[in-house]
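A.B. asks: So that you have it, the file is data.cif, and it contains mmCIF, C-alpha atoms:
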data_model
loop_
_atom_site.label_atom_id
_atom_site.label_comp_id
_atom_site.auth_asym_id
_atom_site.auth_seq_id
_atom_site.Cartn_x
_atom_site.Cartn_y
_atom_site.Cartn_z
CA MET C 1 0.37 12.76 -4.34
CA ALA C 2 2.30 15.79 -3.11
CA CYS C 3 -0.72 16.87 -1.06
CA LEU C 4 -0.87 13.46 0.59
CA ASP C 5 2.84 13.60 1.40
CA LEU C 6 2.27 16.99 3.03
CA ALA C 7 -0.68 15.63 5.00
CA VAL C 8 1.49 12.82 6.35
CA THR C 9 4.21 15.29 7.31
CA LEU C 10 1.75 17.51 9.17
CA ALA C 11 0.11 14.53 10.88
CA ALA C 12 3.50 13.28 12.06
CA GLU C 13 4.06 16.60 13.83
CA THR C 14 1.00 16.08 16.02
CA ASP C 15 0.86 14.01 19.20
CA SER C 16 -1.62 11.63 17.62
CA PRO C 17 -0.26 8.29 16.34
CA TRP C 18 -3.84 7.57 15.22
CA LEU C 19 -3.92 10.62 12.96
CA HIS C 20 -0.44 9.88 11.62
CA ALA C 21 -1.38 6.27 10.82
CA ALA C 22 -4.64 7.35 9.16
CA ALA C 23 -2.79 9.77 6.89
CA LEU C 24 -0.25 7.10 6.00
CA ASP C 25 -3.05 4.67 5.16
CA VAL C 26 -4.54 7.09 2.63
CA LEU C 27 -1.10 7.69 1.12
CA GLY C 28 -0.41 3.95 0.90
CA ARG C 29 -3.71 3.26 -0.84
CA SER C 30 -3.04 6.05 -3.32
CA ARG C 31 0.39 4.69 -4.18
CA LEU C 32 -0.99 1.18 -4.59
CA ARG C 33 -3.82 2.46 -6.78
CA HIS C 34 -1.26 4.09 -9.07
CA GLY C 35 0.85 0.94 -9.30
CA HIS C 36 3.66 1.97 -6.94
CA GLY C 37 3.81 -1.28 -4.98
CA PRO C 38 7.24 -0.99 -3.31
CA ALA C 39 6.49 2.55 -2.14
CA ALA C 40 3.09 1.47 -0.84
CA ARG C 41 4.66 -1.42 1.05
CA GLY C 42 6.94 0.98 2.91
CA VAL C 43 4.02 3.21 3.85
CA PHE C 44 1.88 0.34 5.15
CA ALA C 45 4.86 -0.95 7.12
CA GLN C 46 4.91 2.41 8.89
CA VAL C 47 1.20 2.07 9.64
CA THR C 48 1.70 -1.32 11.28
CA ALA C 49 4.67 -0.01 13.25
CA LEU C 50 2.57 2.83 14.64
CA SER C 51 -0.18 0.37 15.57
CA ARG C 52 1.96 -2.41 17.01
CA GLU C 53 0.34 -4.45 19.80
CA THR C 54 -3.01 -2.69 19.37
CA VAL C 55 -6.16 -3.60 17.50
CA THR C 56 -7.26 -0.32 16.01
CA PRO C 57 -8.63 0.56 12.59
CA GLN C 58 -5.12 1.62 11.64
CA ALA C 59 -3.71 -1.77 12.66
CA VAL C 60 -6.24 -3.46 10.41
CA ALA C 61 -5.50 -1.02 7.58
CA GLY C 62 -1.76 -1.63 7.83
CA ILE C 63 -2.07 -5.41 7.72
CA LEU C 64 -4.63 -5.20 4.93
CA GLY C 65 -2.44 -2.85 2.91
CA LEU C 66 0.56 -5.15 3.14
CA GLY C 67 -1.62 -8.02 1.97
CA GLN C 68 -2.90 -6.03 -0.99
CA VAL C 69 0.64 -5.06 -1.95
CA ALA C 70 1.63 -8.74 -1.91
CA LEU C 71 -1.41 -9.61 -4.02
CA ALA C 72 -0.59 -6.89 -6.56
CA ALA C 73 2.93 -8.30 -6.77
CA GLY C 74 1.56 -11.75 -7.62
CA SER C 75 2.15 -13.37 -4.22
CA ALA C 76 -1.41 -14.49 -3.59
CA SER C 77 -0.53 -17.12 -0.98
CA ALA C 78 1.43 -14.64 1.13
CA ALA C 79 -1.31 -12.07 0.64
CA TRP C 80 -3.99 -14.48 1.85
CA THR C 81 -2.51 -14.80 5.35
CA LEU C 82 -2.34 -11.03 5.81
CA ILE C 83 -5.75 -10.29 4.31
CA GLU C 84 -7.42 -13.04 6.34
CA GLU C 85 -5.83 -11.64 9.50
CA ALA C 86 -7.07 -8.14 8.72
CA HIS C 87 -10.55 -9.45 7.96
CA ALA C 88 -10.66 -11.49 11.17
CA ILE C 89 -9.91 -8.39 13.24
CA ALA C 90 -12.34 -6.23 11.26
CA ARG C 91 -15.16 -8.71 11.86
CA ALA C 92 -14.77 -8.11 15.60
CA GLY C 93 -16.18 -4.60 15.30
CA ALA C 94 -14.51 -2.41 12.69
CA ALA C 95 -16.39 0.41 10.99
CA PRO C 96 -18.42 -0.68 7.95
CA SER C 97 -16.08 1.06 5.52
CA LEU C 98 -13.06 -0.84 6.81
CA LEU C 99 -14.93 -4.14 7.13
CA ALA C 100 -16.01 -3.78 3.51
CA ARG C 101 -12.42 -3.06 2.44
CA THR C 102 -11.31 -6.34 4.00
CA LEU C 103 -14.19 -8.22 2.37
CA GLN C 104 -13.29 -6.74 -1.00
CA ALA C 105 -9.68 -7.83 -0.52
CA VAL C 106 -10.78 -11.33 0.53
CA GLY C 107 -12.68 -11.54 -2.74
CA ASP C 108 -9.71 -10.34 -4.78
CA CYS C 109 -7.33 -12.79 -3.14
CA ALA C 110 -9.75 -15.72 -3.22
CA GLY C 111 -10.26 -15.13 -6.93
CA ALA C 112 -6.51 -15.05 -7.52
CA LEU C 113 -6.22 -18.38 -5.70
CA GLY C 114 -8.99 -19.93 -7.76
CA ASN C 115 -11.59 -20.03 -4.97
CA VAL C 116 -14.45 -18.61 -7.03
CA SER C 117 -17.14 -19.46 -4.47
CA ARG C 118 -15.35 -17.53 -1.73
CA ALA C 119 -14.76 -14.60 -4.08
CA TRP C 120 -18.47 -14.43 -5.02
CA THR C 121 -19.52 -14.50 -1.38
CA ALA C 122 -17.00 -11.86 -0.30
CA TYR C 123 -17.88 -9.45 -3.11
CA HIS C 124 -21.59 -9.77 -2.39
CA GLN C 125 -20.99 -9.20 1.32
CA ALA C 126 -18.84 -6.16 0.60
CA LEU C 127 -21.55 -4.75 -1.68
CA THR C 128 -24.23 -5.27 0.98
CA VAL C 129 -22.17 -3.58 3.69
CA ARG C 130 -21.37 -0.63 1.45
CA ILE C 131 -24.97 -0.12 0.34
CA GLU C 132 -26.27 -0.30 3.91
CA ALA C 133 -23.56 2.10 5.13
CA GLY C 134 -24.22 4.66 2.40
CA LEU C 135 -20.87 4.29 0.63
CA PRO C 136 -21.82 4.64 -3.06
CA VAL C 137 -18.39 4.91 -4.67
CA MET C 138 -17.11 1.92 -2.73
CA ALA C 139 -20.28 0.02 -3.71
CA ILE C 140 -19.47 0.67 -7.37
CA GLU C 141 -16.12 -1.06 -6.83
CA SER C 142 -17.95 -4.15 -5.59
CA LEU C 143 -20.30 -4.09 -8.59
CA GLU C 144 -17.26 -3.96 -10.89
CA SER C 145 -15.64 -6.89 -9.13
CA LEU C 146 -18.81 -8.94 -9.49
CA ALA C 147 -19.05 -7.94 -13.16
CA GLY C 148 -15.47 -9.01 -13.84
CA LEU C 149 -15.86 -12.31 -12.01
CA ALA C 150 -19.16 -12.99 -13.78
CA LEU C 151 -17.63 -12.43 -17.21
CA GLU C 152 -14.68 -14.66 -16.36
CA GLN C 153 -17.04 -17.42 -15.20
CA GLY C 154 -19.35 -17.32 -18.21
CA ARG C 155 -22.20 -15.34 -16.67
CA THR C 156 -21.97 -13.02 -19.63
CA GLU C 157 -25.28 -11.15 -19.75
CA TYR C 158 -25.29 -10.64 -15.99
CA GLY C 159 -21.72 -9.37 -16.08
CA ILE C 160 -22.28 -6.94 -18.94
CA ARG C 161 -25.36 -5.42 -17.31
CA LEU C 162 -23.47 -4.91 -14.05
CA LEU C 163 -20.57 -3.37 -15.94
CA GLY C 164 -22.93 -0.97 -17.69
CA ALA C 165 -24.43 0.05 -14.37
CA ALA C 166 -20.97 0.60 -12.89
CA ASP C 167 -19.90 2.70 -15.88
CA ALA C 168 -22.91 5.00 -15.53
CA LEU C 169 -22.57 5.26 -11.76
CA ARG C 170 -18.85 6.06 -12.03
CA GLU C 171 -19.57 8.84 -14.51
CA ALA C 172 -22.35 10.30 -12.35
CA ALA C 173 -20.09 10.27 -9.30
CA GLY C 174 -17.17 11.82 -11.18
CA SER C 175 -15.02 8.88 -10.17
CA THR C 176 -12.39 7.09 -12.24
CA ARG C 177 -11.76 3.35 -12.25
CA PRO C 178 -8.31 2.23 -11.04
CA GLY C 179 -6.01 1.02 -13.79
CA PRO C 180 -5.74 -2.62 -12.63
CA ALA C 181 -9.53 -2.90 -12.39
CA GLN C 182 -9.95 -1.39 -15.84
CA ASP C 183 -7.40 -3.79 -17.31
CA ARG C 184 -9.17 -6.79 -15.79
CA LEU C 185 -12.55 -5.69 -17.13
CA ASP C 186 -11.16 -4.91 -20.58
CA LYS C 187 -9.69 -8.42 -20.83
CA ALA C 188 -12.89 -10.04 -19.58
CA VAL C 189 -15.01 -8.14 -22.10
CA ALA C 190 -12.63 -8.94 -24.96
CA ALA C 191 -12.89 -12.64 -24.13
CA VAL C 192 -16.71 -12.74 -24.34
CA LEU C 193 -17.31 -10.42 -27.30
CA PRO C 194 -16.68 -13.03 -30.05
CA ALA C 195 -19.47 -15.25 -28.69
CA LEU C 196 -22.10 -12.49 -28.66
CA GLU C 197 -24.46 -11.67 -31.49
CA ARG C 198 -23.76 -8.39 -33.22
CA GLY C 199 -25.11 -5.50 -31.19
CA ARG C 200 -25.91 -7.68 -28.16
CA PHE C 201 -23.13 -6.21 -26.03
CA ALA C 202 -24.44 -2.69 -26.61
CA GLU C 203 -27.99 -3.79 -25.76
CA LEU C 204 -26.98 -5.43 -22.50
CA ARG C 205 -24.75 -2.53 -21.51
CA ALA C 206 -27.56 -0.06 -22.23
CA GLU C 207 -29.83 -2.03 -19.90
CA GLY C 208 -27.22 -1.66 -17.18
CA LEU C 209 -26.71 2.04 -17.86
CA ARG C 210 -30.31 2.70 -16.85
CA LEU C 211 -29.95 1.12 -13.40
CA SER C 212 -29.68 3.20 -10.24
CA LEU C 213 -27.26 2.07 -7.56
CA ALA C 214 -30.09 0.49 -5.57
CA ALA C 215 -31.43 -1.28 -8.65
CA ALA C 216 -27.97 -2.47 -9.66
CA ALA C 217 -27.36 -3.86 -6.16
CA ALA C 218 -30.72 -5.64 -6.23
CA TYR C 219 -29.93 -7.09 -9.64
CA ALA C 220 -26.48 -8.20 -8.46
CA GLY C 221 -28.11 -10.10 -5.62
CA ARG C 222 -30.13 -12.25 -8.00
CA GLN C 223 -27.12 -14.41 -8.79
CA ARG C 224 -25.26 -15.46 -5.70
CA GLY C 225 -22.44 -17.96 -5.56
CA PRO C 226 -22.83 -21.18 -3.57
CA ARG C 227 -23.28 -20.49 0.11
CA GLN C 228 -20.56 -21.61 2.47
CA ARG C 229 -21.45 -23.55 5.56
CA GLY C 230 -21.53 -21.39 8.66
CA VAL C 231 -20.49 -24.06 11.17
CA GLY C 232 -18.16 -27.03 11.36
CA TRP C 233 -14.59 -27.66 10.31
CA VAL C 234 -15.23 -26.98 6.63
CA SER C 235 -16.18 -23.39 7.47
CA LEU C 236 -12.81 -22.59 9.09
CA THR C 237 -10.46 -20.39 7.10
CA PRO C 238 -6.85 -21.53 6.57
CA ALA C 239 -5.65 -19.09 9.23
CA GLU C 240 -8.27 -20.32 11.72
CA ARG C 241 -7.31 -23.95 11.15
CA GLN C 242 -3.64 -23.19 11.63
CA ILE C 243 -4.28 -21.35 14.89
CA ALA C 244 -6.68 -24.05 16.09
CA ASP C 245 -4.01 -26.72 15.57
CA LEU C 246 -1.43 -24.69 17.49
CA ALA C 247 -3.81 -23.84 20.31
CA ALA C 248 -4.69 -27.51 20.73
CA THR C 249 -1.02 -28.28 21.47
CA GLY C 250 -1.18 -26.03 24.53
CA LEU C 251 0.57 -22.95 23.15
CA THR C 252 -0.52 -19.59 24.54
CA ASN C 253 -1.82 -16.78 22.36
CA ARG C 254 1.51 -15.01 22.62
CA GLU C 255 3.45 -18.14 21.65
CA ILE C 256 1.15 -18.71 18.68
CA GLY C 257 1.51 -15.09 17.68
CA GLU C 258 5.31 -15.32 17.75
CA ARG C 259 5.21 -18.30 15.41
CA LEU C 260 2.79 -16.66 12.99
CA PHE C 261 4.07 -13.07 13.33
CA SER C 262 0.72 -11.91 14.70
CA SER C 263 -0.31 -10.12 17.87
CA PRO C 264 -1.84 -12.11 20.77
CA ARG C 265 -5.05 -10.14 20.29
CA THR C 266 -5.28 -11.21 16.65
CA VAL C 267 -4.81 -14.85 17.69
CA GLN C 268 -7.63 -14.49 20.22
CA VAL C 269 -9.94 -13.03 17.56
CA HIS C 270 -9.30 -16.05 15.33
CA LEU C 271 -9.88 -18.45 18.24
CA SER C 272 -13.19 -16.77 19.05
CA HIS C 273 -14.31 -17.42 15.49
CA VAL C 274 -13.14 -21.04 15.72
CA PHE C 275 -15.08 -21.63 18.95
CA ALA C 276 -18.24 -20.08 17.47
CA LYS C 277 -18.05 -22.14 14.28
CA LEU C 278 -17.37 -25.41 16.12
CA GLY C 279 -19.89 -24.80 18.89
CA ILE C 280 -17.29 -25.16 21.65
CA SER C 281 -16.16 -22.90 24.48
CA SER C 282 -12.67 -23.93 25.60
CA ARG C 283 -9.23 -25.00 24.41
CA LYS C 284 -9.77 -28.35 26.14
CA MET C 285 -12.82 -28.99 23.95
CA LEU C 286 -10.84 -27.84 20.91
CA ALA C 287 -8.04 -30.30 21.67
CA ALA C 288 -10.62 -33.10 22.04
CA GLU C 289 -12.15 -32.19 18.68
CA ILE C 290 -8.80 -32.28 16.91
CA GLU C 291 -7.81 -35.55 18.59
CA ALA C 292 -11.10 -37.12 17.52
CA ARG C 293 -10.60 -35.99 13.95
CA SER C 294 -7.05 -37.33 13.90
CA ARG C 295 -8.41 -40.74 14.91
CA GLN C 296 -11.15 -40.42 12.28
CA LEU C 297 -13.85 -40.76 14.91
CA PRO C 298 -17.39 -39.64 14.05
CA PRO C 299 -17.60 -35.89 14.63
CA ARG C 300 -19.76 -34.56 17.43
CA PRO C 301 -22.99 -32.87 16.30
CA HIS C 302 -22.79 -29.10 15.87
CA PRO C 303 -25.61 -26.78 16.79
CA ALA C 304 -27.46 -25.17 13.91
CA PRO C 305 -26.67 -21.48 13.43
CA ALA C 306 -29.14 -19.14 15.10
#
I need this file expressed as structure tokens, please.
C.D. replies:
Amino acid sequence: MACLDLAVTLAAETDSPWLHAAALDVLGRSRLRHGHGPAARGVFAQVTALSRETVTPQAVAGILGLGQVALAAGSASAAWTLIEEAHAIARAGAAPSLLARTLQAVGDCAGALGNVSRAWTAYHQALTVRIEAGLPVMAIESLESLAGLALEQGRTEYGIRLLGAADALREAAGSTRPGPAQDRLDKAVAAVLPALERGRFAELRAEGLRLSLAAAAAYAGRQRGPRQRGVGWVSLTPAERQIADLAATGLTNREIGERLFSSPRTVQVHLSHVFAKLGISSRKMLAAEIEARSRQLPPRPHPAPA
């Protein structure tokens, strides 16, 4: 931790807010990983301050970090707004590593809120992005999240095999599992052990231990959660619905941002997603859609996704 503090100090002495924010992001993640939530919150607040009114990787990282701090503190509802905002911006063109971080956080928060389907989808998407981008250690994190969720949802054999694969891959990479993740997996395993035949856990884990990262990812993909619809009102996230409602009243992006404590650019990113999902191209059409729904009129047909 002392080395990271020094890196932040040195970065602050440069003329690069980008470098300073990047160093702070690494420090914030380290503090959060070690359970120092209040300290991490202060660091991520500095990241967002350095990135105010811009949509840069550091802006996404700051918002995401604050959401993860809130989630670690047990405030899943507050975390959801921040994590969804970070993910919305990242989807507009962030690097794969950062996009995957937001997907992983979406899965964590969705699971905490009881939305198992969304958690499954987000974890699988994060795993796919990380595999394709050549990020093995980050991919192991996604495997572990899928293993934990599987065990909690009664997909016992699947979960144990994935956990075995993650254990072997962690050891080969010389990487340690964060404490909160280890605690979650320990509890999930303890809950399923009584229902297993003697020796079955060891057998399933051994099968997972033999899997390479590519094989483990392929195996993980065999059991996907229910797919979410890609178009229509049901596909809108809570943040997108909230912004759509405000935009339909005639508020500008800046006015919406002031109400939701977001930047105008973030509001526009959300609106772009809303337009794409609803198959519309203007605020006037959006207002007509919302008015029709409020009157319970039959919805207009939506184009099938390409």
A.B. asks: As a check of understanding, name the residues that the PyMOL selection byres ((chain C and resi 264) around 10) selects in the supplied structure, as a list of chain:residue names.
C.D. replies: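 Matching residues under the PyMOL selection byres ((chain C and resi 264) around 10) are C:Glu53, C:Thr54, C:Thr252, C:Asn253, C:Arg254, C:Glu255, C:Ile256, C:Gly257, C:Glu258, C:Phe261, C:Ser262, C:Ser263, C:Arg265, C:Thr266, C:Val267, C:Gln268, C:Val269.
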A.B. asks: Please list as a PyMOL selection string every residue within 8 Å of Asp25 (chain C), counting all atoms listed in the file and excluding residues in the same chain fewer than 3 positions away.
C.D. replies: chain C and resi 21-22+28-29+43-44+47+58+61-62+65
A.B. asks: Out of C:Leu213, C:Arg205, C:Leu185, C:Glu152, which residue has the shortest atom-to-atom distance to Val137 (chain C) when counting only C-alpha atoms?
C.D. replies: C:Leu213
A.B. asks: Pick the closest to Leu193 (chain C) from C:Val69, C:Leu151, C:Ala92, C:Val274: which is it, counting only C-alpha atoms?
C.D. replies: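 Between C:Val69, C:Leu151, C:Ala92, C:Val274, the residue approaching Leu193 (chain C) most closely is C:Leu151.
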A.B. asks: Take CA of Ala165 (chain C) and CA of Leu211 (chain C) and report the distance between them in Å, one decimal.
C.D. replies: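 Value for the CA of Ala165 (chain C)-CA of Leu211 (chain C) distance: 5.7 Å.
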A.B. asks: Work out how far CA of Leu135 (chain C) is from CA of Phe201 (chain C), in Å to one decimal.
C.D. replies: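 CA of Leu135 (chain C) lies at a distance of 28.7 Å from CA of Phe201 (chain C).
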A.B. asks: Could you jot down the CA of Ala214 (chain C) to CA of Thr128 (chain C) separation for me, Å, one decimal place?
C.D. replies: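 CA of Ala214 (chain C) sits 10.5 Å away from CA of Thr128 (chain C).
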A.B. asks: Within 8 Å of (-4.6, -33.4, 19.5), all atoms listed in the file: residues as JSON, numbers by chain?
C.D. replies: {"C": [245, 248, 249, 287, 288, 289, 290, 291, 292, 294]}
A.B. asks: I'd like to know which of C:Ala49, C:Ala59, C:Gly42, C:Ile83 is closest to Ala239 (chain C), using all atoms listed in the file.
C.D. replies: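 Of the candidates, the smallest distance to Ala239 (chain C) is held by C:Ile83.
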A.B. asks: Hey, what comes out of the PyMOL selection byres ((chain C and resi 35) around 10) on this file? Could you write it as a PyMOL selection string?
C.D. replies: chain C and resi 29-34+36-40+69+72-73+178-180
A.B. asks: Suppose a student applies the PyMOL selection byres ((chain C and resi 206) around 10) to this structure; what residues should they get, written as a PDB file with C-alpha atoms, in the frame of the given file?
C.D. replies:
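So the final result, stored in part.pdb, reads:
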ATOM      1  CA  ILE C 160     -22.280  -6.940 -18.940  1.00  0.00           C
ATOM      2  CA  ARG C 161     -25.360  -5.420 -17.310  1.00  0.00           C
ATOM      3  CA  LEU C 163     -20.570  -3.370 -15.940  1.00  0.00           C
ATOM      4  CA  GLY C 164     -22.930  -0.970 -17.690  1.00  0.00           C
ATOM      5  CA  ALA C 165     -24.430   0.050 -14.370  1.00  0.00           C
ATOM      6  CA  ALA C 168     -22.910   5.000 -15.530  1.00  0.00           C
ATOM      7  CA  ARG C 200     -25.910  -7.680 -28.160  1.00  0.00           C
ATOM      8  CA  PHE C 201     -23.130  -6.210 -26.030  1.00  0.00           C
ATOM      9  CA  ALA C 202     -24.440  -2.690 -26.610  1.00  0.00           C
ATOM     10  CA  GLU C 203     -27.990  -3.790 -25.760  1.00  0.00           C
ATOM     11  CA  LEU C 204     -26.980  -5.430 -22.500  1.00  0.00           C
ATOM     12  CA  ARG C 205     -24.750  -2.530 -21.510  1.00  0.00           C
ATOM     13  CA  GLU C 207     -29.830  -2.030 -19.900  1.00  0.00           C
ATOM     14  CA  GLY C 208     -27.220  -1.660 -17.180  1.00  0.00           C
ATOM     15  CA  LEU C 209     -26.710   2.040 -17.860  1.00  0.00           C
ATOM     16  CA  ARG C 210     -30.310   2.700 -16.850  1.00  0.00           C
ATOM     17  CA  LEU C 211     -29.950   1.120 -13.400  1.00  0.00           C
TER      18      LEU C 211
END
A.B. asks: Return the single residue from C:Tyr219, C:Glu141, C:Val106, C:Ala147 that is closest to Arg177 (chain C), with distances computed using all atoms listed in the file.
C.D. replies: C:Glu141
A.B. asks: Identify which of the residues C:Ala100, C:Ala78, C:Ile280, C:Leu64 lies closest to Val129 (chain C), counting all atoms listed in the file when measuring atom-to-atom distances.
C.D. replies: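 Result for the nearest residue to Val129 (chain C): C:Ala100.
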A.B. asks: Within 12 Å of Met138 (chain C), counting all atoms listed in the file, which residues show up once you throw out same-chain ones fewer than 5 positions away? Write them as a list in words, please.
C.D. replies: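 The contact residues come out as Pro96, Ser97, Leu98, Leu99, Ala100, Arg101, Leu103, Gln104, Tyr123, Ala126, Leu127, Thr128, Val129, Arg130, Ile131, Glu132, Ala133, Leu143, Glu144, Ser145, Ala166, Leu169, Arg170, Ala173, Ser175, Thr176, Arg177 and Leu213 of chain C.
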A.B. asks: Restricting the calculation to all atoms listed in the file: of C:Met285, C:Leu6, C:Ala88, C:Ile140, which residue gets closest to Ala172 (chain C)?
C.D. replies: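 Nearest candidate to Ala172 (chain C) out of C:Met285, C:Leu6, C:Ala88, C:Ile140: C:Ile140.
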A.B. asks: Excluding Leu236 (chain C) and any residue of its chain fewer than 6 positions from it, enumerate the residues within 9 Å of it, using all atoms listed in the file, and give them as a ChimeraX atom specification.
C.D. replies: /C:230,273-274,277-278
A.B. asks: Write a file of the selected residues as a PDB file, in the frame of the given file, keeping C-alpha atoms.
C.D. replies:
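Once everything was written out, this is result_31.pdb:
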ATOM      1  CA  GLY C 230     -21.530 -21.390   8.660  1.00  0.00           C
ATOM      2  CA  HIS C 273     -14.310 -17.420  15.490  1.00  0.00           C
ATOM      3  CA  VAL C 274     -13.140 -21.040  15.720  1.00  0.00           C
ATOM      4  CA  LYS C 277     -18.050 -22.140  14.280  1.00  0.00           C
ATOM      5  CA  LEU C 278     -17.370 -25.410  16.120  1.00  0.00           C
TER       6      LEU C 278
END
A.B. asks: Do you know which residues are at most 12 Å from Asp108 (chain C) counting all atoms listed in the file, after dropping those on the same chain fewer than 6 positions away, and could you put them as a ChimeraX atom specification?
C.D. replies: /C:67-72,74,76,79-80,83-84,101-102,114-123,126,141-142,144-146,148-149,180-181,184
